[in-house]
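Engineer: Pasting in a structure now, in structure tokens, and then I'll have a few things to ask.
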Amino acid sequence: MTNAAMRRAQLETLVEAQGGYRATPPLLLSADPYFDLAGEEFGRRLLLTTDQSGAEYCLRPDFTLPIVADYIAAGTREAAAFSYLGPIFRQRETGPAEFDQAGIELLAQPDGDIALDQVLTFARAALSLYGVAPSVHLGGVGLFEALLQQADMPDAWRSRIRHRFGHTEAMDRLLTRLEAAPDLPRSEQPSRDDLVEDVTARMVSAGLSLSEGRTPAEIADRFLEQQALDAAHVPAATLKLLRAYLAIKGDALSALRQLETLGEQHRLFLGAPLRTIRRHLEGLGEARVTFDASFSPRLDYYTGIVFEMRGQGAPCSPPAANMTAFWSAWVQQRLSPPPAAPFGSIALKRSGRDEPDPRRPLQGPP
Amino acid sequence: MSLTLAVPSKGRLEELTRAWFAERGLTITRPGGARSYLGAIEGLPDVTVRFYPASEIARELIRGNIDLGVTGRDLIHETSETGPASVDFARDLQFGHADVVVAVPDAWIDVTHMHDLADVASDFRSRHGRWLRIATKYITITRQHFARAGIAEYRIVESLGATEAAPASGVADIVVDITSTGSTLAANGLRVLEDGVMLKSEANLIVSRTADWSAPRKRALDDLLSRLGD
């Protein structure tokens, strides 16, 4: 057996050993759910095709969505585990569009911490098959949310800041805008009724439906909210805190100490999410772990702890293994009542062949 | 070693392109008239002129099947994400100016900038049970620009004509469209965002980077470009 074939067989064994139900979703999937879930940004990576009726299909771009969609459709709320290994297809700027993805999905597990540890262990075992000493990159979505909840600012700004978490440039633009917020004298607010009337008149004259999309009341309310926001400044001290927080990055232990210090200085209760991160750190043993306070996949259904493991660029060029683990809030949003425990998922992606893989870290599954 | 120059095959773009070359002493001939797709430049036997639709010129330049051609900058950006990197924009032809812009209903008095749109898009689905919809024929440009603006929560509705009517007909909420004066958008109750210009486009003489540039062909190209001035 060649080295490549041998490793592939070992990966197969590792995936089987996870004990989950082995899932094999079709290669050709309806494209709509991917667009619905992840929007156009992920959509541009899909390899699309159209049938005679005009319905759009894509070559399987990941396993998570079909597996979880089937699980939801089955209607059980019981703990379940799935594993998978097979080709996925995504357009990239360089490199082949077809590559293998291996992973596990741990759904409705009774203990989220244990599930995350299993995911981390699986990821490290997979990388070690390729002789890679992984560097682990951790981020804390839950930690940031805890900080945001406690930081002193007008409530309306919290969701706007949260929404930009993980998009460094957009976050920077927003903070810069807030820092520069001019102290404008407040002009007199028009009454809500007048605004609604005005917006309604404009919509009617442009032939817009008053109910299909944004409604006059929604527009008027956001207009007033914007005016209130312009007046309601985020305190300079809070902006400084956010900047300081987002800049923390480096060796995990020292990063966590900096976060603790920052929390103490600002009288924030960050103990619980920090302890959770520490617990998982211990499980990672000797791996090189960095923590980046600003790191998060872009979409807001990632919660809790997120991580990415990358193979070091060794000369024998093991395929860069990207792994992301995340708690999928979107699954919970679609289940009613929501499961008691979070969902965990991990995907190990590697290039289709054993060759250097120059690609940047993936944005993670949709 | 002959060079292939592609020229838009009809309408004002063809007229203006031929006029632009004529001003620089190069007469483009089209012996078979409007039904012919093959032409020449008088006195330059090494250059073959082909008449193509403007969007095909963009595609073939990116692929390297033609050496140089006249088309809109917007079409290079739209045809492929790698389009701009596959060509050189050699001469701005000073016509066909138009901007690819983001426009929202004028009634959206609370939305003046892209960051407002980011706010609206982020909770659009929880309010309306669907994504914010954008009508456009500029799918690639829209995706790139919105990604840079940090907006991920939207769906594109492909629109191949009369995009400005999409909000009123209920097909989409906002549009990304090309406009030279903005008057068509305004007439349809749409307003360009203050930072909503995504691309400034114009007719351009464009050289393919992916074509085969052997030394003699490169010399022929340099010769042609030097005749066209700076």
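By order of appearance in the structure tokens: chains A, B, ..., then residues from 1 within every chain, and ligands from 1 in the order shown.
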Write down as a VMD selection string the residues belonging to stretch 7-157 of chain B that are assigned helix (DSSP H, G or I) by DSSP computed on the backbone.

Structural biologist: chain B and resid 11 to 23 33 to 35 54 to 63 73 to 79 83 to 86 114 to 122 124 to 128 139 to 148

Engineer: Could you write out as an MDAnalysis selection string the residues of chain A within 7 Å of chain B, counting only C-alpha atoms?

Structural biologist: chainID A and resid 39:41 160 167 170 199 202:203 206:208 213 219 222:223

Engineer: Can you list, as a ChimeraX atom specification, every protein, DNA or RNA residue that comes within 12 Å of A:Gln150 when you count only C-alpha atoms, leaving out same-chain residues fewer than 5 positions away?

Structural biologist: /A:143-145,155,158,238,241-242,263,266-270

Engineer: Just how far from atom CA of A:Ala115 is atom CA of A:Arg77, in Å to one decimal?

Structural biologist: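 Going from atom CA of A:Arg77 over to atom CA of A:Ala115, I get 16.6 Å.
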
Engineer: Hey, what's within 12 Å of A:Glu197 if we count only C-alpha atoms and toss same-chain stuff fewer than 3 positions away? As a ChimeraX atom specification, please?

Structural biologist: /A:190-194,200-204,210,215-217,219-220 /B:107

Engineer: Between B:Ser159, B:Leu221, B:Val100, B:Ile206, which is the closest to B:Val192 once you count only C-alpha atoms?

Structural biologist: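 Result for the nearest residue to B:Val192: B:Val100.
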
Engineer: Near B:Pro53, counting only C-alpha atoms, which residues have an atom at most 10 Å away, once you skip same-chain residues fewer than 6 positions from it, shown as a list in words?

Structural biologist: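 Once the adjacent positions are removed, what remains is Ala6, Val7, Pro8, Ser9, Lys10, Leu13, Glu14 and Thr71 of chain B.
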
Engineer: Find the distance between atom CA of A:Arg7 and atom CA of A:Ile88 and write it in Å to one decimal.

Structural biologist: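 A separation of 18.3 Å between them.
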
Engineer: Nearest to B:Leu26: which of B:Pro84, B:Ser214, B:Arg209, B:Gly43 is it, counting only C-alpha atoms?

Structural biologist: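 Of the candidates, the smallest distance to B:Leu26 is held by B:Gly43.
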
Engineer: At what distance in Å, to one decimal, does atom CA of A:Leu47 lie from atom CA of B:Glu60?

Structural biologist: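 Separating atom CA of B:Glu60 from atom CA of A:Leu47 is a distance of 21.7 Å.
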
Engineer: Rank nothing, just name the residue among A:Thr290, A:Glu16, A:His280, A:Ala38 nearest to A:Leu65, using only C-alpha atoms.

Structural biologist: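 Of A:Thr290, A:Glu16, A:His280, A:Ala38, the one nearest A:Leu65 is A:Ala38, counting only C-alpha atoms.
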
Engineer: If you count only C-alpha atoms, which residues fall within 12 Å of B:Glu42, apart from same-chain ones fewer than 6 positions away, as a tab-separated table (two decimals) with N, CA and C atoms, in the first residue's frame?

Structural biologist:
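Saved file out-v6.tsv follows:
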chain	number	residue	atom	x	y	z
B	21	PHE	N	-10.62	54.39	-32.30
B	21	PHE	CA	-9.45	53.93	-33.05
B	21	PHE	C	-9.17	54.88	-34.23
B	22	ALA	N	-10.22	55.35	-34.89
B	22	ALA	CA	-10.04	56.23	-36.06
B	22	ALA	C	-9.35	57.52	-35.64
B	25	GLY	N	-5.81	57.25	-35.83
B	25	GLY	CA	-5.26	56.92	-37.14
B	25	GLY	C	-5.40	55.47	-37.55
B	26	LEU	N	-6.21	54.71	-36.83
B	26	LEU	CA	-6.40	53.30	-37.19
B	26	LEU	C	-7.85	53.09	-37.61
B	27	THR	N	-8.03	52.68	-38.85
B	27	THR	CA	-9.38	52.48	-39.37
B	27	THR	C	-9.75	51.00	-39.30
B	28	ILE	N	-10.79	50.73	-38.50
B	28	ILE	CA	-11.27	49.34	-38.41
B	28	ILE	C	-12.29	49.11	-39.52
B	29	THR	N	-12.04	48.10	-40.33
B	29	THR	CA	-12.97	47.82	-41.43
B	29	THR	C	-13.80	46.60	-41.09
B	30	ARG	N	-15.00	46.57	-41.65
B	30	ARG	CA	-15.89	45.42	-41.47
B	30	ARG	C	-16.49	45.13	-42.84
B	31	PRO	N	-15.72	44.43	-43.65
B	31	PRO	CA	-16.09	44.31	-45.07
B	31	PRO	C	-17.50	43.74	-45.29
B	48	THR	N	-6.06	40.75	-36.58
B	48	THR	CA	-7.37	40.29	-37.00
B	48	THR	C	-8.41	40.90	-36.07
B	49	VAL	N	-9.46	41.49	-36.63
B	49	VAL	CA	-10.51	42.05	-35.79
B	49	VAL	C	-11.70	41.09	-35.79

Engineer: Mind checking which residues fall within 12 Å of A:Gly54, counting only C-alpha atoms, ignoring those fewer than 5 positions away in the same chain, and posting them as number ranges by chain?

Structural biologist: A: 30-31, 48-49

Engineer: For B:Glu15, which residue out of B:Gly196, B:Thr112, B:Phe95, B:Gly69 is the nearest one, using only C-alpha atoms?

Structural biologist: B:Phe95

Engineer: Going by DSSP on the backbone, which residues of stretch 37-170 of chain B come out as strand (DSSP E or B)? List them as a PyMOL selection string.

Structural biologist: chain B and resi 38-41+44-52+68-72+87-92+98-105+132-136+154-158

Engineer: With N, CA and C atoms retained, write the just-selected residues as a short mmCIF file (atom, residue, chain, number, x, y, z; two decimals), in the first residue's frame.

Structural biologist:
data_model
loop_
_atom_site.label_atom_id
_atom_site.label_comp_id
_atom_site.auth_asym_id
_atom_site.auth_seq_id
_atom_site.Cartn_x
_atom_site.Cartn_y
_atom_site.Cartn_z
N LEU B 38 -16.02 39.32 -38.92
CA LEU B 38 -14.59 39.37 -39.12
C LEU B 38 -14.22 40.71 -39.75
N GLY B 39 -13.14 41.33 -39.26
CA GLY B 39 -12.72 42.61 -39.82
C GLY B 39 -11.21 42.74 -39.78
N ALA B 40 -10.73 43.94 -40.01
CA ALA B 40 -9.28 44.18 -40.06
C ALA B 40 -9.00 45.63 -39.68
N ILE B 41 -7.74 45.94 -39.49
CA ILE B 41 -7.32 47.32 -39.34
C ILE B 41 -6.50 47.67 -40.57
N LEU B 44 -2.55 47.28 -41.03
CA LEU B 44 -1.98 46.39 -40.01
C LEU B 44 -2.41 44.95 -40.31
N PRO B 45 -1.78 44.30 -41.26
CA PRO B 45 -2.21 42.96 -41.67
C PRO B 45 -2.07 41.92 -40.56
N ASP B 46 -1.25 42.23 -39.55
CA ASP B 46 -1.03 41.25 -38.48
C ASP B 46 -2.15 41.24 -37.44
N VAL B 47 -3.08 42.18 -37.56
CA VAL B 47 -4.16 42.23 -36.57
C VAL B 47 -5.46 41.75 -37.20
N THR B 48 -6.06 40.75 -36.58
CA THR B 48 -7.37 40.29 -37.00
C THR B 48 -8.41 40.90 -36.07
N VAL B 49 -9.46 41.49 -36.63
CA VAL B 49 -10.51 42.05 -35.79
C VAL B 49 -11.70 41.09 -35.79
N ARG B 50 -12.21 40.84 -34.59
CA ARG B 50 -13.42 40.01 -34.48
C ARG B 50 -14.50 40.82 -33.77
N PHE B 51 -15.72 40.68 -34.25
CA PHE B 51 -16.85 41.40 -33.64
C PHE B 51 -17.65 40.44 -32.77
N TYR B 52 -17.66 40.73 -31.48
CA TYR B 52 -18.34 39.85 -30.52
C TYR B 52 -19.26 40.68 -29.64
N LEU B 68 -6.62 40.95 -27.22
CA LEU B 68 -7.06 42.20 -26.61
C LEU B 68 -8.43 42.55 -27.16
N GLY B 69 -9.14 43.40 -26.44
CA GLY B 69 -10.49 43.71 -26.87
C GLY B 69 -11.05 44.89 -26.10
N VAL B 70 -12.16 45.38 -26.60
CA VAL B 70 -12.82 46.51 -25.96
C VAL B 70 -14.10 46.01 -25.31
N THR B 71 -14.23 46.24 -24.02
CA THR B 71 -15.47 45.89 -23.33
C THR B 71 -15.54 46.69 -22.05
N GLY B 72 -16.62 46.51 -21.28
CA GLY B 72 -16.79 47.27 -20.05
C GLY B 72 -15.99 46.65 -18.91
N VAL B 87 -6.33 40.03 -16.66
CA VAL B 87 -6.21 41.00 -17.76
C VAL B 87 -5.45 42.24 -17.29
N ASP B 88 -5.05 43.05 -18.27
CA ASP B 88 -4.53 44.40 -17.98
C ASP B 88 -5.48 45.41 -18.60
N PHE B 89 -5.86 46.39 -17.83
CA PHE B 89 -6.69 47.46 -18.38
C PHE B 89 -5.73 48.46 -19.03
N ALA B 90 -5.71 48.46 -20.38
CA ALA B 90 -4.64 49.20 -21.06
C ALA B 90 -5.00 50.66 -21.33
N ARG B 91 -6.23 50.94 -21.75
CA ARG B 91 -6.63 52.31 -22.07
C ARG B 91 -8.09 52.54 -21.65
N ASP B 92 -8.31 53.60 -20.90
CA ASP B 92 -9.67 54.04 -20.62
C ASP B 92 -10.16 54.76 -21.87
N ALA B 98 -20.24 54.25 -16.28
CA ALA B 98 -21.41 53.86 -15.48
C ALA B 98 -20.91 53.24 -14.18
N ASP B 99 -21.74 53.34 -13.13
CA ASP B 99 -21.36 52.79 -11.83
C ASP B 99 -22.25 51.60 -11.49
N VAL B 100 -21.65 50.59 -10.91
CA VAL B 100 -22.43 49.50 -10.34
C VAL B 100 -22.73 49.90 -8.89
N VAL B 101 -24.02 50.03 -8.56
CA VAL B 101 -24.38 50.63 -7.26
C VAL B 101 -25.38 49.77 -6.49
N VAL B 102 -25.42 49.98 -5.19
CA VAL B 102 -26.45 49.39 -4.33
C VAL B 102 -27.52 50.45 -4.12
N ALA B 103 -28.77 50.12 -4.45
CA ALA B 103 -29.86 51.07 -4.27
C ALA B 103 -30.99 50.44 -3.47
N VAL B 104 -31.57 51.24 -2.58
CA VAL B 104 -32.67 50.77 -1.73
C VAL B 104 -33.90 51.64 -2.00
N PRO B 105 -35.09 51.16 -1.62
CA PRO B 105 -36.26 52.02 -1.80
C PRO B 105 -36.06 53.35 -1.06
N LEU B 132 -33.20 38.81 3.18
CA LEU B 132 -33.26 40.01 2.36
C LEU B 132 -32.91 39.60 0.93
N ARG B 133 -33.73 40.08 -0.03
CA ARG B 133 -33.48 39.68 -1.42
C ARG B 133 -32.92 40.83 -2.24
N ILE B 134 -31.90 40.54 -3.02
CA ILE B 134 -31.24 41.54 -3.84
C ILE B 134 -31.38 41.13 -5.30
N ALA B 135 -32.03 41.98 -6.11
CA ALA B 135 -32.12 41.70 -7.54
C ALA B 135 -30.90 42.29 -8.23
N THR B 136 -30.28 41.49 -9.09
CA THR B 136 -29.11 42.00 -9.82
C THR B 136 -28.72 41.04 -10.92
N TYR B 154 -28.26 37.35 3.03
CA TYR B 154 -29.09 37.81 1.94
C TYR B 154 -29.14 36.74 0.86
N ARG B 155 -30.08 36.87 -0.03
CA ARG B 155 -30.14 35.99 -1.20
C ARG B 155 -30.16 36.85 -2.45
N ILE B 156 -29.51 36.38 -3.49
CA ILE B 156 -29.53 37.09 -4.76
C ILE B 156 -30.64 36.52 -5.63
N VAL B 157 -31.40 37.42 -6.25
CA VAL B 157 -32.37 37.01 -7.26
C VAL B 157 -31.81 37.49 -8.59
N GLU B 158 -31.50 36.55 -9.47
CA GLU B 158 -30.87 36.96 -10.72
C GLU B 158 -31.88 37.70 -11.58
#

Engineer: Using only C-alpha atoms for the distances, tell me which of A:Pro297, A:Pro66, A:Gly95, A:Gly86 is nearest to A:Pro33.

Structural biologist: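 Of the candidates, the smallest distance to A:Pro33 is held by A:Pro66.
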